[in-house]
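Dropping work24.cif in here (mmCIF, C-alpha atoms):
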```
data_protein
loop_
_atom_site.label_atom_id
_atom_site.label_comp_id
_atom_site.auth_asym_id
_atom_site.auth_seq_id
_atom_site.Cartn_x
_atom_site.Cartn_y
_atom_site.Cartn_z
CA MET A 1 24.92 54.26 -41.36
CA LEU A 2 22.74 51.82 -43.26
CA PHE A 3 24.39 48.71 -44.63
CA PHE A 4 23.90 47.19 -48.09
CA THR A 5 25.78 44.36 -49.72
CA HIS A 6 25.28 41.87 -52.51
CA ILE A 7 26.28 38.26 -51.94
CA PHE A 8 27.42 35.75 -54.53
CA CYS A 9 24.77 33.48 -56.03
CA ARG A 10 24.13 29.94 -54.86
CA ASP A 11 26.63 28.32 -57.23
CA GLU A 12 29.47 30.09 -55.38
CA GLN A 13 31.06 28.11 -52.56
CA THR A 14 30.38 29.52 -49.09
CA ILE A 15 33.48 29.80 -46.91
CA SER A 16 32.92 29.72 -43.16
CA PRO A 17 34.85 32.06 -40.81
CA GLY A 18 38.39 30.77 -40.38
CA GLN A 19 38.14 28.32 -43.30
CA GLN A 20 40.71 28.49 -46.12
CA TYR A 21 39.60 28.87 -49.70
CA PRO A 22 40.24 25.67 -51.66
CA GLY A 23 43.30 25.50 -53.93
CA ASN A 24 44.61 28.81 -55.14
CA HIS A 25 41.18 30.30 -55.49
CA GLN A 26 40.84 33.58 -53.66
CA PRO A 27 37.84 35.90 -53.63
CA SER A 28 37.86 39.08 -55.63
CA SER A 29 38.47 42.24 -53.64
CA ALA A 30 34.81 43.21 -53.81
CA LEU A 31 33.64 39.73 -52.88
CA GLY A 32 36.22 39.48 -50.14
CA MET A 33 35.13 42.79 -48.66
CA ASP A 34 31.50 41.64 -48.70
CA HIS A 35 32.53 38.41 -47.00
CA MET A 36 34.45 40.28 -44.28
CA LEU A 37 31.59 42.69 -43.69
CA LEU A 38 29.13 39.83 -43.33
CA GLN A 39 31.34 38.00 -40.85
CA THR A 40 31.65 41.17 -38.78
CA ARG A 41 27.90 41.70 -38.81
CA GLY A 42 27.31 38.07 -37.84
CA LEU A 43 29.62 38.38 -34.85
CA MET A 44 27.78 41.48 -33.73
CA GLY A 45 24.63 39.39 -33.65
CA ASN A 46 22.68 41.64 -35.99
CA LEU A 47 19.40 40.40 -37.39
CA LEU A 48 19.98 40.20 -41.14
CA LYS A 49 17.16 39.92 -43.59
CA VAL A 50 17.30 38.84 -47.18
CA LEU A 51 15.29 40.85 -49.63
CA ALA A 52 14.97 39.15 -52.96
CA CYS A 53 12.64 38.57 -55.86
CA ALA A 54 10.16 35.73 -55.59
CA GLU A 55 12.58 33.47 -57.46
CA LEU A 56 15.70 33.74 -55.31
CA GLU A 57 17.63 31.53 -57.70
CA HIS A 58 17.92 34.46 -60.08
CA GLY A 59 19.92 37.56 -59.38
CA PRO A 60 21.88 38.72 -56.34
CA ILE A 61 20.67 38.45 -52.77
CA VAL A 62 20.57 41.65 -50.77
CA PHE A 63 21.27 41.64 -47.04
CA LEU A 64 19.85 44.37 -44.85
CA ASP A 65 20.47 45.02 -41.18
CA PHE A 66 17.05 44.84 -39.59
CA GLU A 67 18.22 44.89 -36.00
CA HIS A 68 19.88 48.28 -35.92
CA ALA A 69 18.39 50.04 -38.93
CA GLN A 70 17.86 53.73 -38.18
CA PRO A 71 15.40 55.97 -40.02
CA THR A 72 16.63 58.30 -42.70
CA GLU A 73 15.36 61.86 -42.83
CA ALA A 74 12.69 60.82 -45.34
CA GLU A 75 11.46 58.04 -43.04
CA THR A 76 11.46 60.01 -39.78
CA ALA A 77 7.87 61.29 -39.77
CA VAL A 78 6.28 57.88 -40.35
CA TRP A 79 8.87 56.13 -38.16
CA ASN A 80 8.07 58.40 -35.20
CA GLN A 81 4.34 57.81 -35.58
CA VAL A 82 4.70 54.02 -35.72
CA SER A 83 7.34 53.96 -32.99
CA ALA A 84 4.93 55.59 -30.55
CA VAL A 85 2.48 52.73 -31.15
CA LEU A 86 5.11 50.00 -30.96
CA GLU A 87 6.32 51.34 -27.61
CA GLU A 88 2.97 50.28 -26.15
CA ALA A 89 3.10 46.82 -27.69
CA HIS A 90 5.38 45.24 -25.08
CA GLY A 91 3.12 46.40 -22.26
CA ILE A 92 0.03 45.08 -24.04
CA LEU A 93 1.60 41.64 -24.46
CA ALA A 94 2.74 41.59 -20.84
CA GLU A 95 -0.79 42.44 -19.63
CA LEU A 96 -2.33 39.79 -21.85
CA GLN A 97 0.17 37.16 -20.75
CA SER A 98 -0.70 37.79 -17.11
CA TYR A 99 -4.46 37.84 -17.75
CA ASN A 100 -5.93 35.23 -15.38
CA GLY A 101 -9.61 36.10 -15.61
CA ALA A 102 -12.36 36.01 -13.00
CA GLY A 103 -13.48 32.43 -13.59
CA GLN A 104 -13.71 31.45 -9.92
CA GLU A 105 -15.73 34.51 -8.94
CA ILE A 106 -18.06 34.10 -11.92
CA ARG A 107 -18.71 30.43 -11.16
CA GLU A 108 -19.55 31.19 -7.55
CA ALA A 109 -21.92 33.98 -8.56
CA ILE A 110 -23.70 31.79 -11.12
CA GLN A 111 -24.04 28.88 -8.68
CA ASN A 112 -25.46 31.17 -5.97
CA PRO A 113 -27.72 33.67 -7.79
CA GLY A 114 -29.39 34.76 -4.57
CA ASP A 115 -26.15 35.65 -2.80
CA LEU A 116 -25.73 39.38 -3.38
CA ALA A 117 -22.27 39.40 -1.82
CA LEU A 118 -21.00 36.87 -4.38
CA GLN A 119 -22.69 38.80 -7.20
CA GLU A 120 -20.91 41.96 -6.13
CA LYS A 121 -17.60 40.10 -5.73
CA ALA A 122 -17.83 38.75 -9.28
CA TRP A 123 -18.79 42.13 -10.70
CA ASN A 124 -15.91 43.87 -8.94
CA ALA A 125 -13.51 41.24 -10.29
CA VAL A 126 -14.75 41.50 -13.87
CA CYS A 127 -14.94 45.29 -14.29
CA PRO A 128 -11.18 46.03 -14.18
CA LEU A 129 -10.61 43.12 -16.55
CA VAL A 130 -13.11 44.52 -19.04
CA ALA A 131 -11.37 47.89 -18.81
CA LYS A 132 -8.16 46.08 -19.74
CA LEU A 133 -9.88 44.37 -22.68
CA LYS A 134 -11.08 47.78 -23.83
CA ARG A 135 -7.47 49.03 -23.85
CA PHE A 136 -6.45 46.05 -25.97
CA TYR A 137 -9.22 46.79 -28.45
CA GLU A 138 -8.37 50.49 -28.64
CA PHE A 139 -4.73 49.57 -29.23
CA SER A 140 -5.80 47.48 -32.25
CA LEU A 141 -7.24 50.65 -33.79
CA ARG A 142 -3.94 52.49 -33.32
CA LEU A 143 -2.09 49.52 -34.77
CA GLU A 144 -4.37 49.62 -37.80
CA ASN A 145 -3.50 53.28 -38.41
CA ALA A 146 0.21 52.53 -38.01
CA LEU A 147 0.01 49.74 -40.58
CA ARG A 148 -1.73 52.02 -43.02
CA SER A 149 1.03 54.62 -42.68
CA LEU A 150 3.67 51.96 -43.34
CA LEU A 151 1.83 50.60 -46.37
CA GLU A 152 1.56 54.09 -47.81
CA ALA A 153 5.29 54.64 -47.33
CA LEU A 154 6.40 51.24 -48.63
CA THR A 155 4.23 51.20 -51.76
CA SER A 156 4.12 54.85 -52.90
CA PRO A 157 5.43 55.91 -56.34
CA PRO A 158 7.90 56.28 -57.93
CA TYR A 159 9.76 53.36 -56.36
CA ALA A 160 9.01 49.69 -56.88
CA PRO A 161 8.32 47.57 -53.77
CA MET A 162 11.83 46.09 -53.81
CA GLN A 163 13.36 49.56 -53.94
CA HIS A 164 11.20 50.67 -51.03
CA LEU A 165 12.34 47.76 -48.89
CA GLU A 166 15.96 48.52 -49.70
CA ARG A 167 15.70 52.27 -49.16
CA GLU A 168 13.41 52.31 -46.12
CA GLN A 169 14.95 49.67 -43.91
CA ALA A 170 13.73 51.18 -40.65
CA LEU A 171 10.12 51.19 -41.85
CA ALA A 172 10.42 47.63 -43.14
CA LYS A 173 11.67 46.64 -39.69
CA GLN A 174 8.65 48.29 -38.06
CA PHE A 175 6.36 46.47 -40.46
CA ALA A 176 7.90 43.18 -39.33
CA GLU A 177 7.58 44.19 -35.66
CA ILE A 178 3.85 44.91 -36.09
CA LEU A 179 3.34 41.45 -37.56
CA HIS A 180 5.41 39.87 -34.80
CA PHE A 181 3.28 41.60 -32.16
CA THR A 182 0.06 40.65 -33.95
CA LEU A 183 0.81 36.94 -34.09
CA SER A 184 2.10 36.99 -30.50
CA PHE A 185 -1.08 38.68 -29.25
CA ASP A 186 -3.36 36.30 -31.11
CA GLU A 187 -1.53 33.20 -29.91
CA LEU A 188 -2.02 34.34 -26.32
CA LYS A 189 -5.67 35.20 -26.91
CA MET A 190 -6.46 31.87 -28.56
CA THR A 191 -5.19 29.93 -25.55
CA ASN A 192 -7.04 32.03 -22.95
CA PRO A 193 -10.80 31.31 -22.87
CA ALA A 194 -11.16 33.56 -19.80
CA ILE A 195 -11.18 36.60 -22.07
CA GLN A 196 -14.47 35.78 -23.77
CA ASN A 197 -15.95 34.26 -20.60
CA ASP A 198 -15.28 37.43 -18.62
CA PHE A 199 -16.66 39.67 -21.34
CA SER A 200 -19.76 37.50 -21.80
CA TYR A 201 -20.50 37.66 -18.06
CA TYR A 202 -20.03 41.44 -18.13
CA ARG A 203 -22.51 41.84 -20.98
CA ARG A 204 -25.07 39.51 -19.40
CA THR A 205 -24.88 41.45 -16.16
CA ILE A 206 -25.28 44.79 -17.94
CA SER A 207 -28.31 43.48 -19.88
CA ARG A 208 -29.91 42.05 -16.75
CA ASN A 209 -29.54 45.29 -14.86
CA ARG A 210 -30.79 47.29 -17.79
CA LEU A 211 -33.97 45.19 -17.80
CA ASN A 212 -34.31 46.04 -14.12
CA ASN A 213 -33.81 49.74 -14.89
CA GLN A 214 -30.47 49.79 -13.10
CA GLN A 215 -27.52 51.78 -14.42
CA LEU A 216 -24.12 50.44 -13.42
CA GLU A 217 -21.15 52.78 -13.13
CA ALA A 218 -19.02 50.54 -15.38
CA GLU A 219 -21.31 51.34 -18.32
CA ASN A 220 -19.87 54.84 -18.38
CA GLU A 221 -16.51 53.40 -19.48
CA VAL A 222 -17.74 50.59 -21.75
CA ASN A 223 -21.10 51.66 -23.15
CA ASN A 224 -23.31 49.47 -25.30
CA GLU A 225 -21.83 50.65 -28.61
CA MET A 226 -18.27 50.02 -27.41
CA ALA A 227 -19.31 46.65 -25.98
CA ASN A 228 -20.75 45.61 -29.35
CA ARG A 229 -17.53 46.52 -31.17
CA MET A 230 -15.42 44.75 -28.56
CA SER A 231 -17.64 41.69 -28.81
CA LEU A 232 -17.05 41.44 -32.57
CA PHE A 233 -13.31 41.91 -32.03
CA TYR A 234 -12.92 39.18 -29.41
CA ALA A 235 -15.23 36.78 -31.25
CA GLU A 236 -12.48 36.40 -33.86
CA ALA A 237 -10.03 33.55 -33.31
CA THR A 238 -7.17 35.92 -34.22
CA PRO A 239 -8.56 39.44 -33.66
CA MET A 240 -5.39 41.46 -34.24
CA LEU A 241 -4.61 39.65 -37.47
CA LYS A 242 -8.18 40.12 -38.63
CA THR A 243 -7.81 43.84 -37.92
CA LEU A 244 -4.64 44.06 -40.03
CA SER A 245 -6.16 41.97 -42.83
CA ASN A 246 -9.18 44.27 -43.00
CA ALA A 247 -6.92 47.32 -42.90
CA THR A 248 -4.77 46.02 -45.77
CA THR A 249 -7.80 45.15 -47.87
CA LYS A 250 -9.26 48.59 -47.21
CA PHE A 251 -5.94 50.23 -48.09
CA VAL A 252 -5.90 48.52 -51.49
CA SER A 253 -9.56 49.30 -52.25
CA GLU A 254 -9.21 52.98 -51.32
CA ASN A 255 -6.02 53.50 -53.35
CA LYS A 256 -7.40 52.65 -56.78
CA THR A 257 -4.56 54.42 -58.62
CA LEU A 258 -1.99 52.23 -56.86
CA PRO A 259 -1.48 48.87 -58.60
CA ILE A 260 -2.47 46.06 -56.28
CA GLU A 261 0.81 44.34 -57.20
CA ASP A 262 2.73 47.09 -55.37
CA THR A 263 1.16 45.89 -52.12
CA THR A 264 1.14 42.16 -52.80
CA ASP A 265 4.74 42.14 -54.09
CA CYS A 266 5.86 43.81 -50.88
CA LEU A 267 4.11 41.09 -48.86
CA SER A 268 5.30 38.15 -50.98
CA THR A 269 8.88 39.40 -50.82
CA MET A 270 8.76 39.53 -47.04
CA ALA A 271 7.37 35.99 -46.91
CA CYS A 272 10.12 34.78 -49.21
CA VAL A 273 12.75 36.55 -47.12
CA CYS A 274 11.69 34.85 -43.91
CA ARG A 275 11.39 31.42 -45.49
CA VAL A 276 14.92 31.58 -46.88
CA MET A 277 16.32 32.75 -43.56
CA LEU A 278 14.60 29.92 -41.71
CA GLU A 279 15.53 27.11 -44.10
CA THR A 280 19.14 28.12 -44.76
CA PRO A 281 21.70 27.08 -42.11
CA GLU A 282 24.13 29.82 -43.19
CA TYR A 283 21.54 32.43 -42.26
CA ARG A 284 20.20 30.74 -39.14
CA CYS A 285 23.68 30.43 -37.63
CA ARG A 286 23.88 34.22 -37.49
CA PHE A 287 21.01 34.34 -35.00
CA THR A 288 22.41 34.91 -31.53
CA ASN A 289 18.95 35.12 -29.96
CA THR A 290 16.71 32.06 -30.03
CA ASP A 291 13.66 34.34 -30.24
CA THR A 292 14.77 35.42 -33.71
CA MET A 293 13.57 32.13 -35.19
CA LEU A 294 10.07 32.66 -33.80
CA PHE A 295 10.18 36.29 -34.92
CA CYS A 296 10.83 35.21 -38.51
CA MET A 297 8.13 32.54 -38.41
CA ARG A 298 5.51 34.97 -37.12
CA VAL A 299 6.39 37.60 -39.71
CA MET A 300 6.30 35.01 -42.49
CA VAL A 301 2.84 33.77 -41.46
CA GLY A 302 1.55 37.31 -41.01
CA VAL A 303 2.50 38.47 -44.50
CA ILE A 304 1.14 35.25 -46.03
CA ILE A 305 -2.27 35.91 -44.46
CA LEU A 306 -2.27 39.54 -45.49
CA TYR A 307 -1.30 38.53 -49.03
CA ASP A 308 -4.06 35.93 -49.12
CA HIS A 309 -6.66 38.51 -48.10
CA VAL A 310 -5.52 41.16 -50.57
CA HIS A 311 -4.50 39.22 -53.68
CA PRO A 312 -7.42 38.28 -55.98
CA VAL A 313 -6.41 34.58 -56.16
CA GLY A 314 -4.65 34.40 -52.83
CA ALA A 315 -1.46 32.82 -51.52
CA PHE A 316 -2.30 29.16 -52.24
CA ALA A 317 -2.80 29.25 -56.01
CA LYS A 318 -0.12 28.00 -58.39
CA THR A 319 0.33 31.55 -59.69
CA SER A 320 1.07 32.87 -56.18
CA LYS A 321 4.47 34.47 -55.71
CA ILE A 322 4.75 32.79 -52.31
CA ASP A 323 6.21 29.28 -52.04
CA MET A 324 3.51 27.96 -49.72
CA LYS A 325 4.85 24.40 -49.64
CA GLY A 326 8.25 25.68 -48.58
CA CYS A 327 6.78 28.01 -45.94
CA ILE A 328 4.60 25.29 -44.40
CA LYS A 329 7.44 22.77 -44.41
CA VAL A 330 9.69 25.26 -42.60
CA LEU A 331 7.05 25.65 -39.89
CA LYS A 332 6.50 21.92 -39.55
CA GLU A 333 10.22 21.36 -39.01
CA GLN A 334 9.99 23.33 -35.76
CA PRO A 335 8.75 21.99 -32.38
CA SER A 336 4.96 21.68 -32.59
CA ASN A 337 4.34 23.65 -29.40
CA SER A 338 6.01 26.71 -30.90
CA VAL A 339 4.26 26.68 -34.28
CA GLU A 340 0.77 25.19 -33.71
CA GLY A 341 -0.73 28.65 -33.24
CA LEU A 342 0.90 29.82 -36.49
CA LEU A 343 -0.34 26.78 -38.41
CA ASN A 344 -3.83 27.38 -37.02
CA ALA A 345 -3.65 30.96 -38.24
CA LEU A 346 -2.94 29.66 -41.76
CA ARG A 347 -5.75 27.10 -41.44
CA TYR A 348 -8.46 29.36 -40.09
CA THR A 349 -7.72 33.00 -40.94
CA THR A 350 -6.72 32.74 -44.60
CA ARG A 351 -9.33 33.33 -47.28
CA HIS A 352 -8.35 31.03 -50.15
CA LEU A 353 -7.09 27.82 -48.54
CA ASN A 354 -10.25 25.91 -49.43
CA ASP A 355 -10.47 27.23 -52.99
CA ASP A 356 -10.43 24.71 -55.84
CA SER A 357 -7.16 26.25 -57.03
CA THR A 358 -5.36 25.09 -53.85
CA SER A 359 -3.41 21.90 -54.47
CA LYS A 360 -4.14 18.74 -52.51
CA GLN A 361 -0.53 18.65 -51.29
CA ILE A 362 -0.82 22.04 -49.62
CA ARG A 363 -4.12 21.11 -47.99
CA ALA A 364 -2.58 17.86 -46.77
CA LEU A 365 0.36 19.73 -45.28
CA LEU A 366 -2.03 21.84 -43.21
CA GLN A 367 -4.19 18.96 -41.99
#
```

Written as structure tokens, how would this file's structure read?
Amino acid sequence: MLFFTHIFCRDEQTISPGQQYPGNHQPSSALGMDHMLLQTRGLMGNLLKVLACAELEHGPIVFLDFEHAQPTEAETAVWNQVSAVLEEAHGILAELQSYNGAGQEIREAIQNPGDLALQEKAWNAVCPLVAKLKRFYEFSLRLENALRSLLEALTSPPYAPMQHLEREQALAKQFAEILHFTLSFDELKMTNPAIQNDFSYYRRTISRNRLNNQQLEAENEVNNEMANRMSLFYAEATPMLKTLSNATTKFVSENKTLPIEDTTDCLSTMACVCRVMLETPEYRCRFTNTDTMLFCMRVMVGVIILYDHVHPVGAFAKTSKIDMKGCIKVLKEQPSNSVEGLLNALRYTTRHLNDDSTSKQIRALLQ
């Protein structure tokens, strides 16, 4: 059963579990029931997300259970499609994390060009790695299709973006999981130069043998066309995020009858949600898993970048519905080793950071 509740606004006093209400003041029955439900959920260690308008000071705050949200009948078709993709994500990350490369073999082959045994040793070491890189690239295409399906579901008429996020909790959770995977993948890729070194050696070897009229068996799996596409993919500092950014931009351009605000409001709301969760002790204390903090940070950065690519003036302008100063400050309050990759993603993969409309304070925060 999906869980909804509205919490009192900020001017209400928050009472911690076990704490007495001051004086003779007691909560109303509705407020008391909400308070009890929230305490129960917190003890269960559920991941709660806040979905609110861009200005959280106005109106009620809605809590949704993102950890155990189950798809409704209306969500099932899309949820099943996306779930099949997400099931592969853990394996992809594990393979990338254990990717050591063939640096030693490549160096020996380059230093001894006349030693055929070393050339063959390097080639045999690189080929299975390139096959792995091909799987990563092909997974990015499936992830792109999954994102498109989620965007269609979360922005389609007649519901407003906020209503979609409230009604389709399981799909909103999958959207967050895709962003979490994307930022995790790109952080690993950015810190592993062996990926591009291995692929460059593979392409040089293929070209050299082609000039000598030799056909290598590995070309049957990664032909020239595939190698060109993979080369463009891995040349990006954050290839998965670039894939999602392009997919979101394409989604907006192809759906001309859908107001662009339906997509950007969905993204800005998610960014706002994560920022509030990260900067508010009452929300953070409900996290029983330390990874939840990083999860929220990655999702926040992911939706900011998507918003910046899709919105005409981007995420950094004064008219943006995203509190960029607040988001950056939240990141900078964390240990630098856990957020440097996320800050670099904001620095180098956003589109409007260097626009004249970006304030000097925001630029200074990202220096």

Which residues, named as in the file, does the PyMOL selection byres ((chain A and resi 109) around 12) pick out? Answer as a PDB file with C-alpha atoms, keeping the file's coordinate frame.
```
ATOM      1  CA  ALA A 102     -12.360  36.010 -13.000  1.00  0.00           C
ATOM      2  CA  GLY A 103     -13.480  32.430 -13.590  1.00  0.00           C
ATOM      3  CA  GLN A 104     -13.710  31.450  -9.920  1.00  0.00           C
ATOM      4  CA  GLU A 105     -15.730  34.510  -8.940  1.00  0.00           C
ATOM      5  CA  ILE A 106     -18.060  34.100 -11.920  1.00  0.00           C
ATOM      6  CA  ARG A 107     -18.710  30.430 -11.160  1.00  0.00           C
ATOM      7  CA  GLU A 108     -19.550  31.190  -7.550  1.00  0.00           C
ATOM      8  CA  ILE A 110     -23.700  31.790 -11.120  1.00  0.00           C
ATOM      9  CA  GLN A 111     -24.040  28.880  -8.680  1.00  0.00           C
ATOM     10  CA  ASN A 112     -25.460  31.170  -5.970  1.00  0.00           C
ATOM     11  CA  PRO A 113     -27.720  33.670  -7.790  1.00  0.00           C
ATOM     12  CA  GLY A 114     -29.390  34.760  -4.570  1.00  0.00           C
ATOM     13  CA  ASP A 115     -26.150  35.650  -2.800  1.00  0.00           C
ATOM     14  CA  LEU A 116     -25.730  39.380  -3.380  1.00  0.00           C
ATOM     15  CA  ALA A 117     -22.270  39.400  -1.820  1.00  0.00           C
ATOM     16  CA  LEU A 118     -21.000  36.870  -4.380  1.00  0.00           C
ATOM     17  CA  GLN A 119     -22.690  38.800  -7.200  1.00  0.00           C
ATOM     18  CA  GLU A 120     -20.910  41.960  -6.130  1.00  0.00           C
ATOM     19  CA  LYS A 121     -17.600  40.100  -5.730  1.00  0.00           C
ATOM     20  CA  ALA A 122     -17.830  38.750  -9.280  1.00  0.00           C
ATOM     21  CA  TRP A 123     -18.790  42.130 -10.700  1.00  0.00           C
ATOM     22  CA  ASN A 124     -15.910  43.870  -8.940  1.00  0.00           C
ATOM     23  CA  ALA A 125     -13.510  41.240 -10.290  1.00  0.00           C
ATOM     24  CA  VAL A 126     -14.750  41.500 -13.870  1.00  0.00           C
ATOM     25  CA  TYR A 201     -20.500  37.660 -18.060  1.00  0.00           C
ATOM     26  CA  THR A 205     -24.880  41.450 -16.160  1.00  0.00           C
TER      27      THR A 205
END
```

Excluding Leu183 (chain A) and any residue of its chain fewer than 5 positions from it, enumerate the residues within 10 Å of it, using all atoms listed in the file, and give them as a PDB file with C-alpha atoms, keeping the file's coordinate frame.
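Just written: out-v8.pdb:
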```pdb
ATOM      1  CA  ILE A 178       3.850  44.910 -36.090  1.00  0.00           C
ATOM      2  CA  LEU A 188      -2.020  34.340 -26.320  1.00  0.00           C
ATOM      3  CA  LYS A 189      -5.670  35.200 -26.910  1.00  0.00           C
ATOM      4  CA  THR A 238      -7.170  35.920 -34.220  1.00  0.00           C
ATOM      5  CA  PRO A 239      -8.560  39.440 -33.660  1.00  0.00           C
ATOM      6  CA  MET A 240      -5.390  41.460 -34.240  1.00  0.00           C
ATOM      7  CA  LEU A 241      -4.610  39.650 -37.470  1.00  0.00           C
ATOM      8  CA  PHE A 295      10.180  36.290 -34.920  1.00  0.00           C
ATOM      9  CA  MET A 297       8.130  32.540 -38.410  1.00  0.00           C
ATOM     10  CA  ARG A 298       5.510  34.970 -37.120  1.00  0.00           C
ATOM     11  CA  VAL A 299       6.390  37.600 -39.710  1.00  0.00           C
ATOM     12  CA  VAL A 301       2.840  33.770 -41.460  1.00  0.00           C
ATOM     13  CA  GLY A 302       1.550  37.310 -41.010  1.00  0.00           C
ATOM     14  CA  GLY A 341      -0.730  28.650 -33.240  1.00  0.00           C
ATOM     15  CA  LEU A 342       0.900  29.820 -36.490  1.00  0.00           C
ATOM     16  CA  ALA A 345      -3.650  30.960 -38.240  1.00  0.00           C
TER      17      ALA A 345
END
```

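Nearest residue to His309 (chain A) among A:Ser200, A:Thr257, A:Thr248, A:Asn80 is A:Thr248, counting only C-alpha atoms.
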
Practice problem: Please work out which residues fall within 12 Å of (-6.1, 49.4, -44.8), coordinates as given in the file, with all atoms listed in the file counting, and return them as a ChimeraX atom specification. | Solution: /A:141,143-152,242-255,263,306,309-310

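Each of A:Ala94, A:Asn223, A:Met300, A:Arg347 was compared to Ala176 (chain A) using all atoms listed in the file, and A:Met300 turns out to be the nearest.
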
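On the file presented, the PyMOL selection byres ((chain A and resi 167) around 10) picks out Leu2, Phe4, Leu64, Pro71, Thr72, Ala74, Glu75, Leu154, Tyr159, Pro161, Met162, Gln163, His164, Leu165, Glu166, Glu168, Gln169, Ala170, Leu171 and Ala172 of chain A.
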
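Each of A:Gln81, A:Asp262, A:Phe175, A:Lys332 was checked against Pro158 (chain A) using only C-alpha atoms; the smallest atom-to-atom distance is that of A:Asp262.
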
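Minimum distance to Ala227 (chain A) across A:Val130, A:Leu267, A:Pro193, A:Val276 (counting all atoms listed in the file) occurs at A:Val130.
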
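Between CA of Met270 (chain A) and CA of Thr155 (chain A) there is a distance of 13.4 Å.
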
Quiz item: For Gly326 (chain A), which residue out of A:Ala160, A:Val313, A:Leu278, A:Ile305 is the nearest one, using all atoms listed in the file?
Solution: A:Leu278

For region 98-206 of chain A versus region 87-93 of chain A, which residues have an atom no more than 9 Å away, and what is each residue's nearest atom pair and distance in Å rounded to one decimal, using only C-alpha atoms, chain-then-number order, as CSV?
```
residue,atom,partner,partner_atom,distance
A:Ser98,CA,A:Leu93,CA,8.6
A:Arg135,CA,A:Ile92,CA,8.5
A:Phe136,CA,A:Ile92,CA,6.8
A:Phe139,CA,A:Glu88,CA,8.3
A:Ile178,CA,A:Ala89,CA,8.6
A:Phe181,CA,A:Ala89,CA,6.9
A:Ser184,CA,A:Leu93,CA,7.6
A:Phe185,CA,A:Leu93,CA,6.2
A:Leu188,CA,A:Leu93,CA,8.4
```

What does the PyMOL selection byres ((chain A and resi 268) around 10) select in this file, as a CSV table (one decimal) with C-alpha atoms, in the frame of the given file?
```
chain,number,residue,atom,x,y,z
A,52,ALA,CA,15.0,39.2,-53.0
A,53,CYS,CA,12.6,38.6,-55.9
A,54,ALA,CA,10.2,35.7,-55.6
A,261,GLU,CA,0.8,44.3,-57.2
A,263,THR,CA,1.2,45.9,-52.1
A,264,THR,CA,1.1,42.2,-52.8
A,265,ASP,CA,4.7,42.1,-54.1
A,266,CYS,CA,5.9,43.8,-50.9
A,267,LEU,CA,4.1,41.1,-48.9
A,269,THR,CA,8.9,39.4,-50.8
A,270,MET,CA,8.8,39.5,-47.0
A,271,ALA,CA,7.4,36.0,-46.9
A,272,CYS,CA,10.1,34.8,-49.2
A,273,VAL,CA,12.8,36.6,-47.1
A,300,MET,CA,6.3,35.0,-42.5
A,303,VAL,CA,2.5,38.5,-44.5
A,304,ILE,CA,1.1,35.2,-46.0
A,306,LEU,CA,-2.3,39.5,-45.5
A,307,TYR,CA,-1.3,38.5,-49.0
A,308,ASP,CA,-4.1,35.9,-49.1
A,315,ALA,CA,-1.5,32.8,-51.5
A,320,SER,CA,1.1,32.9,-56.2
A,321,LYS,CA,4.5,34.5,-55.7
A,322,ILE,CA,4.8,32.8,-52.3
A,323,ASP,CA,6.2,29.3,-52.0
```
